[in-house]
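Undergrad: The file below is start-v2.txt, compact mmCIF, C-alpha atoms:
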# COMPACT_ATOMS: atom_id res chain seq x y z
CA MET A 1 75.07 81.29 94.27
CA GLU A 2 76.56 84.77 94.53
CA LEU A 3 78.94 85.92 91.82
CA LEU A 4 81.94 86.32 94.15
CA GLU A 5 81.34 82.90 95.70
CA ARG A 6 81.26 81.31 92.25
CA PHE A 7 84.50 83.15 91.44
CA THR A 8 86.25 81.80 94.55
CA ARG A 9 85.27 78.29 93.42
CA GLY A 10 86.98 78.84 90.08
CA ASP A 11 83.95 79.55 87.86
CA LEU A 12 85.42 81.14 84.70
CA ASP A 13 82.14 82.85 83.74
CA ALA A 14 82.02 84.53 87.13
CA PHE A 15 85.64 85.62 86.70
CA GLU A 16 84.83 87.09 83.29
CA THR A 17 81.92 89.07 84.72
CA ILE A 18 84.10 90.41 87.54
CA PHE A 19 86.95 91.13 85.12
CA ARG A 20 84.69 93.17 82.85
CA GLN A 21 83.24 95.00 85.84
CA PHE A 22 86.60 95.98 87.35
CA GLN A 23 89.08 96.07 84.46
CA ALA A 24 88.68 99.82 83.90
CA ASP A 25 89.20 100.61 87.59
CA VAL A 26 92.26 98.38 87.91
CA TYR A 27 93.70 99.71 84.63
CA ALA A 28 93.18 103.35 85.65
CA TRP A 29 94.79 102.74 89.04
CA ILE A 30 97.85 101.06 87.52
CA LEU A 31 98.12 103.74 84.82
CA ARG A 32 98.25 106.43 87.50
CA ILE A 33 101.30 104.69 88.96
CA VAL A 34 103.22 103.52 85.89
CA ARG A 35 102.01 106.29 83.51
CA ASN A 36 102.31 104.24 80.33
CA ARG A 37 99.24 102.82 78.61
CA ALA A 38 100.80 99.68 77.10
CA THR A 39 102.51 98.80 80.39
CA ALA A 40 99.29 99.48 82.30
CA GLU A 41 97.41 97.05 80.04
CA ASP A 42 100.02 94.30 80.58
CA LEU A 43 100.07 94.90 84.32
CA THR A 44 96.26 94.85 84.47
CA LEU A 45 96.37 91.33 83.04
CA GLU A 46 99.09 90.37 85.53
CA ALA A 47 97.02 91.78 88.40
CA PHE A 48 93.93 89.80 87.35
CA TRP A 49 96.04 86.67 86.89
CA ARG A 50 97.29 87.03 90.49
CA ILE A 51 93.71 87.66 91.61
CA TYR A 52 92.55 84.52 89.82
CA LYS A 53 95.34 82.42 91.34
CA ALA A 54 94.54 83.72 94.83
CA ARG A 55 90.75 83.37 94.43
CA ALA A 56 90.44 80.62 97.05
CA ARG A 57 91.86 82.96 99.70
CA PHE A 58 89.38 85.76 98.92
CA ASP A 59 86.51 86.27 101.35
CA PRO A 60 83.37 86.96 99.25
CA ALA A 61 81.91 89.00 102.12
CA ARG A 62 84.60 91.66 101.61
CA PRO A 63 84.62 94.28 98.81
CA PHE A 64 86.29 92.93 95.70
CA GLY A 65 87.29 96.38 94.39
CA ALA A 66 89.50 97.20 97.37
CA TRP A 67 91.24 93.82 97.14
CA ALA A 68 91.77 94.20 93.39
CA ARG A 69 93.25 97.66 93.89
CA ARG A 70 95.63 96.33 96.53
CA VAL A 71 96.82 93.56 94.20
CA ALA A 72 97.11 96.11 91.38
CA THR A 73 99.26 98.36 93.58
CA ASN A 74 101.59 95.46 94.40
CA VAL A 75 101.89 94.55 90.72
CA ALA A 76 102.68 98.18 89.82
CA LEU A 77 105.20 98.43 92.68
CA ASP A 78 106.93 95.25 91.54
CA HIS A 79 107.17 96.80 88.09
CA LEU A 80 108.67 100.02 89.48
CA LYS A 81 111.21 98.00 91.45
CA ARG A 82 112.12 95.88 88.43
CA GLU A 83 112.69 98.81 86.11
CA ARG A 84 113.73 102.39 86.62
CA VAL A 85 110.64 103.67 84.90
CA VAL A 86 110.84 106.81 82.85
CA ILE A 87 107.95 109.11 83.62
CA GLU A 88 106.38 110.46 80.47
CA LEU A 89 106.57 114.20 80.24
CA HIS A 90 103.74 116.47 79.29
CA GLU A 91 103.87 116.70 75.49
CA ASP A 92 102.43 120.20 75.49
CA MET A 93 104.72 121.47 78.21
CA SER A 94 106.69 123.71 75.88
CA VAL A 95 103.66 125.36 74.34
CA THR A 96 101.43 125.77 77.38
CA ASN A 97 103.84 128.14 79.09
CA ASP A 98 104.60 131.65 78.07
CA LYS A 99 108.17 131.33 79.42
CA ASP A 100 111.11 129.98 77.44
CA PRO A 101 110.01 126.51 76.17
CA VAL A 102 113.55 125.12 76.32
CA LEU A 103 113.86 126.23 79.93
CA GLN A 104 110.46 124.73 80.71
CA MET A 105 111.56 121.43 79.21
CA GLU A 106 114.77 121.50 81.26
CA ILE A 107 112.72 122.08 84.41
CA ALA A 108 110.43 119.19 83.45
CA VAL A 109 113.42 116.89 82.94
CA SER A 110 114.81 117.92 86.34
CA ILE A 111 111.46 117.16 87.97
CA GLN A 112 111.35 113.80 86.22
CA ARG A 113 114.85 113.04 87.46
CA ALA A 114 113.97 114.02 91.02
CA MET A 115 110.86 111.81 90.88
CA ILE A 116 112.78 108.81 89.52
CA GLU A 117 115.38 109.13 92.25
CA LEU A 118 112.76 108.90 94.97
CA PRO A 119 112.52 105.50 96.70
CA ASP A 120 109.60 103.50 95.26
CA LYS A 121 107.52 103.80 98.43
CA LEU A 122 107.77 107.58 98.35
CA ARG A 123 107.40 107.87 94.60
CA ILE A 124 104.11 105.99 94.62
CA VAL A 125 102.56 108.31 97.24
CA ALA A 126 104.02 111.36 95.49
CA ILE A 127 102.36 110.33 92.23
CA LEU A 128 99.04 109.27 93.74
CA GLY A 129 98.82 111.97 96.39
CA LEU A 130 100.40 115.01 94.77
CA VAL A 131 100.07 114.48 91.02
CA GLU A 132 96.78 112.53 90.88
CA GLU A 133 95.38 114.09 94.06
CA ARG A 134 93.77 110.84 95.21
CA PRO A 135 92.34 110.85 98.74
CA TYR A 136 94.81 109.68 101.38
CA ALA A 137 92.30 107.07 102.59
CA GLU A 138 92.23 105.52 99.12
CA ILE A 139 96.03 105.46 98.88
CA ALA A 140 96.29 104.00 102.38
CA ALA A 141 93.87 101.17 101.54
CA SER A 142 95.70 100.33 98.33
CA LEU A 143 99.08 100.20 100.10
CA GLY A 144 97.81 98.45 103.22
CA ILE A 145 99.04 101.24 105.51
CA SER A 146 97.34 103.87 107.68
CA GLU A 147 96.35 107.35 106.52
CA ALA A 148 98.91 108.75 108.94
CA GLY A 149 101.50 106.57 107.21
CA VAL A 150 100.54 108.06 103.85
CA LYS A 151 100.80 111.60 105.25
CA THR A 152 104.26 110.83 106.60
CA ARG A 153 105.40 109.42 103.27
CA VAL A 154 104.00 112.42 101.37
CA PHE A 155 105.83 114.74 103.75
CA ARG A 156 109.09 112.85 103.27
CA ALA A 157 108.61 112.76 99.49
CA VAL A 158 107.99 116.52 99.37
CA ARG A 159 111.06 117.20 101.49
CA LYS A 160 113.28 114.99 99.32
CA LEU A 161 111.86 116.44 96.10
CA ARG A 162 112.39 120.02 97.26
CA ARG A 163 115.96 119.26 98.31
CA ARG A 164 116.79 117.48 95.04
CA LEU A 165 115.15 120.14 92.87
CA THR A 166 117.14 122.84 94.63
CA GLU A 167 120.32 120.84 93.92
CA LEU A 168 119.28 120.60 90.27
CA GLY A 169 118.80 124.36 90.10
CA VAL A 170 114.99 124.38 90.12
CA GLU A 171 113.37 126.59 92.71
CA PRO A 172 110.39 124.64 93.98
CA MET B 173 106.69 122.88 105.95
CA ARG B 174 103.83 125.16 105.03
CA GLN B 175 100.81 123.90 103.11
CA GLU B 176 101.29 126.56 100.43
CA GLU B 177 104.86 125.34 99.82
CA GLN B 178 103.49 121.82 99.31
CA ASP B 179 100.80 123.18 96.97
CA LYS B 180 103.45 125.06 94.98
CA LEU B 181 105.46 121.88 94.55
CA LYS B 182 102.28 120.00 93.64
CA ARG B 183 101.52 122.49 90.85
CA LEU B 184 105.10 122.20 89.58
CA LEU B 185 104.88 118.40 89.55
CA GLN B 186 101.51 118.44 87.79
CA LYS B 187 102.91 120.71 85.08
CA ALA B 188 105.74 118.27 84.33
CA VAL B 189 103.89 115.05 85.08
CA PRO B 190 100.25 115.64 84.16
CA PRO B 191 97.57 113.65 86.00
CA VAL B 192 96.10 110.80 83.94
CA GLY B 193 92.80 110.85 85.80
CA ASP B 194 90.20 108.19 85.06
CA SER B 195 91.49 106.74 81.80
CA THR B 196 89.99 103.58 80.37
CA PRO B 197 91.82 100.89 78.39
CA GLY B 198 91.73 101.41 74.66
CA ARG B 199 90.39 97.89 74.06
CA ASP B 200 88.63 95.02 75.76
CA LEU B 201 91.30 93.22 77.78
CA TRP B 202 89.38 89.96 78.31
CA PRO B 203 90.73 88.16 75.18
CA GLY B 204 94.26 89.02 76.34
CA MET B 205 93.39 87.68 79.78
CA LEU B 206 92.30 84.35 78.31
CA ARG B 207 95.56 84.11 76.33
CA LYS B 208 97.59 84.90 79.45
CA MET B 209 95.74 82.29 81.52
CA ASP B 210 96.33 79.70 78.84
CA ARG B 211 100.03 80.57 78.60
CA GLU B 212 100.56 80.64 82.38
CA ARG B 213 98.80 77.30 82.86
CA ARG B 214 101.05 75.61 80.29
CA GLU B 215 104.19 76.99 81.86
CA VAL B 216 105.85 74.46 84.16
CA HIS B 217 107.02 75.90 87.46
CA TRP B 218 110.78 75.66 88.15
CA LEU B 219 110.05 73.74 91.34
CA ASP B 220 108.28 71.02 89.33
CA TRP B 221 111.32 70.75 87.07
CA ALA B 222 113.58 70.52 90.13
CA LEU B 223 111.43 67.75 91.65
CA ALA B 224 111.40 65.85 88.36
CA ALA B 225 115.20 66.12 88.13
CA LEU B 226 115.54 64.96 91.74
CA LEU B 227 113.32 61.94 91.07
CA ALA B 228 115.20 61.09 87.86
CA GLY B 229 118.52 61.29 89.71
CA TRP B 230 117.25 59.11 92.53
CA ILE B 231 116.03 56.47 90.08
CA PHE B 232 119.34 56.62 88.17
CA PHE B 233 121.50 56.07 91.26
CA PHE B 234 119.11 53.73 93.10
CA PRO B 235 117.22 51.73 90.42
CA ALA B 236 115.95 49.33 93.08
CA GLY B 237 114.10 52.28 94.56
CA ILE B 238 111.53 52.10 91.72
CA LEU B 239 109.96 49.03 93.32
CA ARG B 240 109.77 50.76 96.68
CA LEU B 241 108.26 53.85 95.02
CA LEU B 242 105.66 51.77 93.17
CA TYR B 243 104.81 49.93 96.40
CA HIS B 244 104.12 53.27 98.14
CA LEU B 245 102.07 54.55 95.21
Represent the structure contained in this file as structure tokens.

TA:
Amino acid sequence: MELLERFTRGDLDAFETIFRQFQADVYAWILRIVRNRATAEDLTLEAFWRIYKARARFDPARPFGAWARRVATNVALDHLKRERVVIELHEDMSVTNDKDPVLQMEIAVSIQRAMIELPDKLRIVAILGLVEERPYAEIAASLGISEAGVKTRVFRAVRKLRRRLTELGVEP
Amino acid sequence: MRQEEQDKLKRLLQKAVPPVGDSTPGRDLWPGMLRKMDRERREVHWLDWALAALLAGWIFFFPAGILRLLYHL
């Protein structure tokens, strides 16, 4: 019997094999969204727990990776909704720029503030699309929306970010 | 909005919030998964508690109902 079929029937060995095969991908995807390693590890476990609970509904003919990424996105979104997550700043920010390091740090804090204030739906596309530069098709699949929908959200996120940064005294 | 304006903002964001790229977990997560599964399985859902409380209340107020319940079981 195929591995995915055995998984849908609740075979723990099959689940372990799949877990080991996809844990890095799911972890990396969640880390891109939540940007904290410890949280990403916890949420990876939560995502796989939801996957395991929903195994009977999974169609083994469909790609597991895409489904896992979709579940992972939902788990990460739930986390963002639950907590106003602080985005970790670049540790080397002050030394990588030749301008005033204090000013650079202030700009970074303003950017962080503008990002946090974005609605979750826009923040997630801003992080994945603008910061991580993931393909729009990939983001669309993980969010269960169209590519055009992702483009619209990116556009709205950029507009809001520019407006907020201008208010905060940062010229984007 | 021009593409170059979006690219400028992108560069600004990436400077403050650096991309994490393809990071891997620092450890094997499978043992943690097994612990989580064990913990989650032992946890009783609130709905089960509510049903148990409902049943207990029903038996308390209508003790004769036990016979009817046993008959249907």

Undergrad: Rank nothing, just name the residue among A:Ile127, A:Val75, A:Leu143, A:Ala28 nearest to chain B, using only C-alpha atoms.

TA: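 The shortest atom-to-atom distance to chain B comes from A:Ala28.
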
Undergrad: Contacts from chain A to chain B, 8 Å maximum, only C-alpha atoms: show me the residue list as a ChimeraX atom specification.

TA: /A:16,19-20,23-25,27-28,31-32,35,37,41,45,48-49,87-90,93,107-109,111-112,130-132,158,162,172

Undergrad: Using C-alpha atoms, can you export the residues from the last selection as a PDB file, in the frame of the given file?

TA:
ATOM      1  CA  GLU A  16      84.830  87.090  83.290  1.00  0.00           C
ATOM      2  CA  PHE A  19      86.950  91.130  85.120  1.00  0.00           C
ATOM      3  CA  ARG A  20      84.690  93.170  82.850  1.00  0.00           C
ATOM      4  CA  GLN A  23      89.080  96.070  84.460  1.00  0.00           C
ATOM      5  CA  ALA A  24      88.680  99.820  83.900  1.00  0.00           C
ATOM      6  CA  ASP A  25      89.200 100.610  87.590  1.00  0.00           C
ATOM      7  CA  TYR A  27      93.700  99.710  84.630  1.00  0.00           C
ATOM      8  CA  ALA A  28      93.180 103.350  85.650  1.00  0.00           C
ATOM      9  CA  LEU A  31      98.120 103.740  84.820  1.00  0.00           C
ATOM     10  CA  ARG A  32      98.250 106.430  87.500  1.00  0.00           C
ATOM     11  CA  ARG A  35     102.010 106.290  83.510  1.00  0.00           C
ATOM     12  CA  ARG A  37      99.240 102.820  78.610  1.00  0.00           C
ATOM     13  CA  GLU A  41      97.410  97.050  80.040  1.00  0.00           C
ATOM     14  CA  LEU A  45      96.370  91.330  83.040  1.00  0.00           C
ATOM     15  CA  PHE A  48      93.930  89.800  87.350  1.00  0.00           C
ATOM     16  CA  TRP A  49      96.040  86.670  86.890  1.00  0.00           C
ATOM     17  CA  ILE A  87     107.950 109.110  83.620  1.00  0.00           C
ATOM     18  CA  GLU A  88     106.380 110.460  80.470  1.00  0.00           C
ATOM     19  CA  LEU A  89     106.570 114.200  80.240  1.00  0.00           C
ATOM     20  CA  HIS A  90     103.740 116.470  79.290  1.00  0.00           C
ATOM     21  CA  MET A  93     104.720 121.470  78.210  1.00  0.00           C
ATOM     22  CA  ILE A 107     112.720 122.080  84.410  1.00  0.00           C
ATOM     23  CA  ALA A 108     110.430 119.190  83.450  1.00  0.00           C
ATOM     24  CA  VAL A 109     113.420 116.890  82.940  1.00  0.00           C
ATOM     25  CA  ILE A 111     111.460 117.160  87.970  1.00  0.00           C
ATOM     26  CA  GLN A 112     111.350 113.800  86.220  1.00  0.00           C
ATOM     27  CA  LEU A 130     100.400 115.010  94.770  1.00  0.00           C
ATOM     28  CA  VAL A 131     100.070 114.480  91.020  1.00  0.00           C
ATOM     29  CA  GLU A 132      96.780 112.530  90.880  1.00  0.00           C
ATOM     30  CA  VAL A 158     107.990 116.520  99.370  1.00  0.00           C
ATOM     31  CA  ARG A 162     112.390 120.020  97.260  1.00  0.00           C
ATOM     32  CA  PRO A 172     110.390 124.640  93.980  1.00  0.00           C
TER      33      PRO A 172
END

Undergrad: For Thr17 in chain A, which residue out of A:Leu103, A:Met115, A:Ala68, A:Leu3 is the nearest one, using all atoms listed in the file?

TA: A:Leu3

Undergrad: What is the CA of Arg213 in chain B-CA of Pro63 in chain A distance in Å, reported with one decimal?

TA: 27.3 Å

Undergrad: Measure the distance from CA of Ala47 in chain A to CA of Arg123 in chain A in Å and round it to one decimal.

TA: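 Separation between CA of Ala47 in chain A and CA of Arg123 in chain A: 20.1 Å.
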
Undergrad: Quick one: everything within 10 Å of range 50-57 of chain A, counting all atoms listed in the file, minus sequence neighbours fewer than 4 positions away in the same chain. Send it as a list of chain:residue names.

TA: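 Non-adjacent residues within range: A:Leu4, A:Glu5, A:Arg6, A:Phe7, A:Thr8, A:Arg9, A:Gly10, A:Leu12, A:Phe15, A:Phe19, A:Thr44, A:Leu45, A:Glu46, A:Phe64, A:Trp67, A:Ala68, A:Val71, A:Ala72, A:Val75, B:Met209.
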
Undergrad: Please measure the separation of CA of Gln175 in chain B and CA of Arg164 in chain A, giving the value in Å to one decimal.

TA: 19.0 Å

Undergrad: Of the residues A:Ala157, A:Ala76, A:Ala61, A:Gly129, which is the one nearest to Asn36 in chain A, using all atoms listed in the file?

TA: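 For Asn36 in chain A, the nearest of the candidates is A:Ala76.
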
Undergrad: Near range 144-155 of chain A, counting only C-alpha atoms, which residues have an atom at most 7 Å away, once you skip same-chain residues fewer than 3 positions from it, shown as an MDAnalysis selection string?

TA: chainID A and resid 122 125:126 136:137 140:141 158:159
